[in-house]
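Notes to accompany the following structure.
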Amino acid sequence: MAGLTGITVIMARVTLIRHGKAERSKLGIQDFDRPLTSRGQINASAVGLFLASHRMLPQLVLVSPSARTRETYEFIKPHWPGDIAVEFVDQLYEASASTLLQVIIDYGCDFSDIAVIGHNPSLVVLLNHMVGDGHAEQNLGYFPTCCMADVGFIAPKIRNLVSDEGRLLSIKRARNL
């Protein structure tokens with residue numbers, strides 16, 4: 001490994017965050033409008049604190065417009081500096097993994113570190129696409145609420161990443177924070 005000393009690797013990062021635990025569906029309340037449970041609020045706050053304390057802060061956060069994703073962001077945000085840009089993106093609600101990837105590239109193109117607060121199944125499908133077989137020790141089929149996965153790419157900016165050449169840098173589930 002001595003030959004690697006002094007090499008600087010330019011890495012773009014995408015942090016995928018699933019919204020916190022939401023209230024169950026109820027008659028008269030649309031899926032879009034379901035709020036977080038108290039556990040979801042606590043877990044979202046823990047994710048924000050974890051990312052801040054480990055210096056894993058994004059330059060831009062893309063948030064689905066649903067109540068539970070907006071609320072997740074509101075509980076994460078107090079732990080982060082106020083200069084992190086945020087975009088609420090309609091296409092992230094009920095998005096396919098390919099739509100999610102396109103939104104990441106379109107909105108994040110000039111950034112090197114972004115986070116997405118969204119929904120399954122698009123998050124877990126995209127995560128598995130991004131890291132391929134490079135995660136044998138992790139069960140990436142299990143991406144529960146308030147789970148976050150940090151994926152790195154050898155690229156200076158999001159626009160330069162090759163979507164299926166990511167490396168799983170970390171994955172944390174709320175219960176492990």
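Lettering and numbering for the structure tokens are positional, with chains as A, B, ... in the shown order, residues counted from 1 in each chain, and ligands counted from 1 in the shown order.
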
For A:Ser163, find every residue with an atom within 10 Å (counting only C-alpha atoms), except residues of its own chain fewer than 2 positions away, and show them as a PDB file with N, CA, C and O atoms, in the first residue's frame.
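Once everything was written out, this is selection.pdb:
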ATOM      1  N   LEU A 101     -32.643   8.371 -10.006  1.00  0.00           N
ATOM      2  CA  LEU A 101     -31.291   8.609 -10.497  1.00  0.00           C
ATOM      3  C   LEU A 101     -31.241   9.851 -11.380  1.00  0.00           C
ATOM      4  O   LEU A 101     -30.330  10.684 -11.242  1.00  0.00           O
ATOM      5  N   ILE A 105     -29.000  13.311 -10.743  1.00  0.00           N
ATOM      6  CA  ILE A 105     -28.053  13.871 -11.716  1.00  0.00           C
ATOM      7  C   ILE A 105     -28.470  15.280 -12.139  1.00  0.00           C
ATOM      8  O   ILE A 105     -27.644  16.187 -12.202  1.00  0.00           O
ATOM      9  N   LEU A 126     -32.257   1.615  -6.327  1.00  0.00           N
ATOM     10  CA  LEU A 126     -31.153   2.444  -6.798  1.00  0.00           C
ATOM     11  C   LEU A 126     -29.866   2.123  -6.045  1.00  0.00           C
ATOM     12  O   LEU A 126     -28.794   2.024  -6.657  1.00  0.00           O
ATOM     13  N   LEU A 127     -29.936   1.939  -4.746  1.00  0.00           N
ATOM     14  CA  LEU A 127     -28.759   1.592  -3.960  1.00  0.00           C
ATOM     15  C   LEU A 127     -28.097   0.333  -4.512  1.00  0.00           C
ATOM     16  O   LEU A 127     -26.888   0.295  -4.733  1.00  0.00           O
ATOM     17  N   HIS A 129     -28.375  -0.927  -7.491  1.00  0.00           N
ATOM     18  CA  HIS A 129     -27.831  -0.627  -8.819  1.00  0.00           C
ATOM     19  C   HIS A 129     -26.486   0.079  -8.685  1.00  0.00           C
ATOM     20  O   HIS A 129     -25.526  -0.249  -9.389  1.00  0.00           O
ATOM     21  N   MET A 130     -26.414   1.046  -7.777  1.00  0.00           N
ATOM     22  CA  MET A 130     -25.203   1.848  -7.634  1.00  0.00           C
ATOM     23  C   MET A 130     -23.996   1.038  -7.177  1.00  0.00           C
ATOM     24  O   MET A 130     -22.885   1.262  -7.646  1.00  0.00           O
ATOM     25  N   VAL A 131     -24.192   0.109  -6.256  1.00  0.00           N
ATOM     26  CA  VAL A 131     -23.038  -0.604  -5.688  1.00  0.00           C
ATOM     27  C   VAL A 131     -22.859  -2.009  -6.239  1.00  0.00           C
ATOM     28  O   VAL A 131     -21.842  -2.647  -5.954  1.00  0.00           O
ATOM     29  N   GLY A 132     -23.806  -2.516  -7.001  1.00  0.00           N
ATOM     30  CA  GLY A 132     -23.648  -3.829  -7.618  1.00  0.00           C
ATOM     31  C   GLY A 132     -23.292  -4.897  -6.611  1.00  0.00           C
ATOM     32  O   GLY A 132     -23.912  -5.009  -5.562  1.00  0.00           O
ATOM     33  N   PHE A 153     -18.386   7.694  -5.327  1.00  0.00           N
ATOM     34  CA  PHE A 153     -18.055   7.479  -6.732  1.00  0.00           C
ATOM     35  C   PHE A 153     -16.738   8.174  -7.041  1.00  0.00           C
ATOM     36  O   PHE A 153     -16.490   9.277  -6.558  1.00  0.00           O
ATOM     37  N   ILE A 158     -21.322  15.159  -9.196  1.00  0.00           N
ATOM     38  CA  ILE A 158     -22.404  14.203  -9.436  1.00  0.00           C
ATOM     39  C   ILE A 158     -22.608  13.975 -10.934  1.00  0.00           C
ATOM     40  O   ILE A 158     -22.833  12.846 -11.364  1.00  0.00           O
ATOM     41  N   ARG A 159     -22.497  15.014 -11.730  1.00  0.00           N
ATOM     42  CA  ARG A 159     -22.714  14.863 -13.176  1.00  0.00           C
ATOM     43  C   ARG A 159     -21.713  13.913 -13.824  1.00  0.00           C
ATOM     44  O   ARG A 159     -21.952  13.392 -14.895  1.00  0.00           O
ATOM     45  N   ASN A 160     -20.560  13.669 -13.170  1.00  0.00           N
ATOM     46  CA  ASN A 160     -19.515  12.819 -13.728  1.00  0.00           C
ATOM     47  C   ASN A 160     -19.590  11.364 -13.266  1.00  0.00           C
ATOM     48  O   ASN A 160     -18.828  10.537 -13.751  1.00  0.00           O
ATOM     49  N   LEU A 161     -20.503  11.055 -12.356  1.00  0.00           N
ATOM     50  CA  LEU A 161     -20.514   9.699 -11.817  1.00  0.00           C
ATOM     51  C   LEU A 161     -21.050   8.686 -12.830  1.00  0.00           C
ATOM     52  O   LEU A 161     -21.855   9.006 -13.685  1.00  0.00           O
ATOM     53  N   GLU A 165     -21.121   2.281 -10.664  1.00  0.00           N
ATOM     54  CA  GLU A 165     -19.752   2.093 -10.195  1.00  0.00           C
ATOM     55  C   GLU A 165     -19.515   2.721  -8.825  1.00  0.00           C
ATOM     56  O   GLU A 165     -18.415   3.147  -8.494  1.00  0.00           O
ATOM     57  N   GLY A 166     -20.561   2.753  -8.025  1.00  0.00           N
ATOM     58  CA  GLY A 166     -20.440   3.303  -6.682  1.00  0.00           C
ATOM     59  C   GLY A 166     -19.838   2.301  -5.717  1.00  0.00           C
ATOM     60  O   GLY A 166     -19.820   1.098  -5.961  1.00  0.00           O
TER      61      GLY A 166
END

Helix (DSSP H, G or I) residues, from DSSP on the backbone, in stretch 16-117 of chain A, as a ChimeraX atom specification: /A:31-33,38-53,67-79,90-92,97-108

- request: Give me the residues within 12 Å of stretch 60-62 of chain A as a ChimeraX atom specification, counting only C-alpha atoms and dropping any in the same chain fewer than 2 places off.
  value: /A:13-18,48,56-58,64-65,69-70,72-74,76-77,80-93,100-101,103-119,158

query: Restricting the calculation to only C-alpha atoms, which member of A:Ser66, A:Gln59, A:Ser122, A:Ser53 is positioned closest to A:Pro35?
result: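 The closest residue to A:Pro35 is A:Ser66.
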
message: Let me make sure I understand: among A:Leu140, A:Ala155, A:Ile171, A:Cys146, which one has the smallest atom-to-atom distance to A:Ile42 if we use only C-alpha atoms?
response: A:Cys146

I'd like the contact shell of A:Gln30 - 12 Å cut-off, only C-alpha atoms, skipping same-chain residues fewer than 4 positions apart - returned as a tab-separated table (two decimals) with C-alpha atoms, in the first residue's frame.
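Wrote it out as out-v6.tsv, contents follow:
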chain	number	residue	atom	x	y	z
A	23	GLU	CA	-48.36	6.72	10.80
A	24	ARG	CA	-50.27	3.81	9.33
A	25	SER	CA	-52.73	4.48	6.54
A	26	LYS	CA	-56.08	5.66	7.84
A	34	ARG	CA	-49.10	10.57	6.48
A	35	PRO	CA	-46.98	12.20	9.24
A	66	SER	CA	-44.69	14.04	1.03
A	67	ALA	CA	-45.47	14.90	4.65
A	68	ARG	CA	-43.26	12.14	6.08

Separation of atom CA of A:Lys157 from atom CA of A:Phe75, in Å and rounded to one decimal: 27.4 Å

What residues in stretch 45-99 of chain A get the DSSP label strand (DSSP E)? Please answer as an mmCIF file with C-alpha atoms, in the first residue's frame.
data_model
loop_
_atom_site.group_PDB
_atom_site.id
_atom_site.type_symbol
_atom_site.label_atom_id
_atom_site.label_comp_id
_atom_site.auth_asym_id
_atom_site.auth_seq_id
_atom_site.Cartn_x
_atom_site.Cartn_y
_atom_site.Cartn_z
ATOM 1 C CA LEU A 60 -27.578 19.776 -1.332
ATOM 2 C CA VAL A 61 -30.547 17.825 0.034
ATOM 3 C CA LEU A 62 -33.270 16.615 -2.319
ATOM 4 C CA VAL A 63 -36.535 15.907 -0.508
ATOM 5 C CA ALA A 85 -29.201 23.898 0.053
ATOM 6 C CA VAL A 86 -32.522 22.054 -0.070
ATOM 7 C CA GLU A 87 -34.890 21.301 -2.941
ATOM 8 C CA PHE A 88 -38.332 19.741 -2.575
#
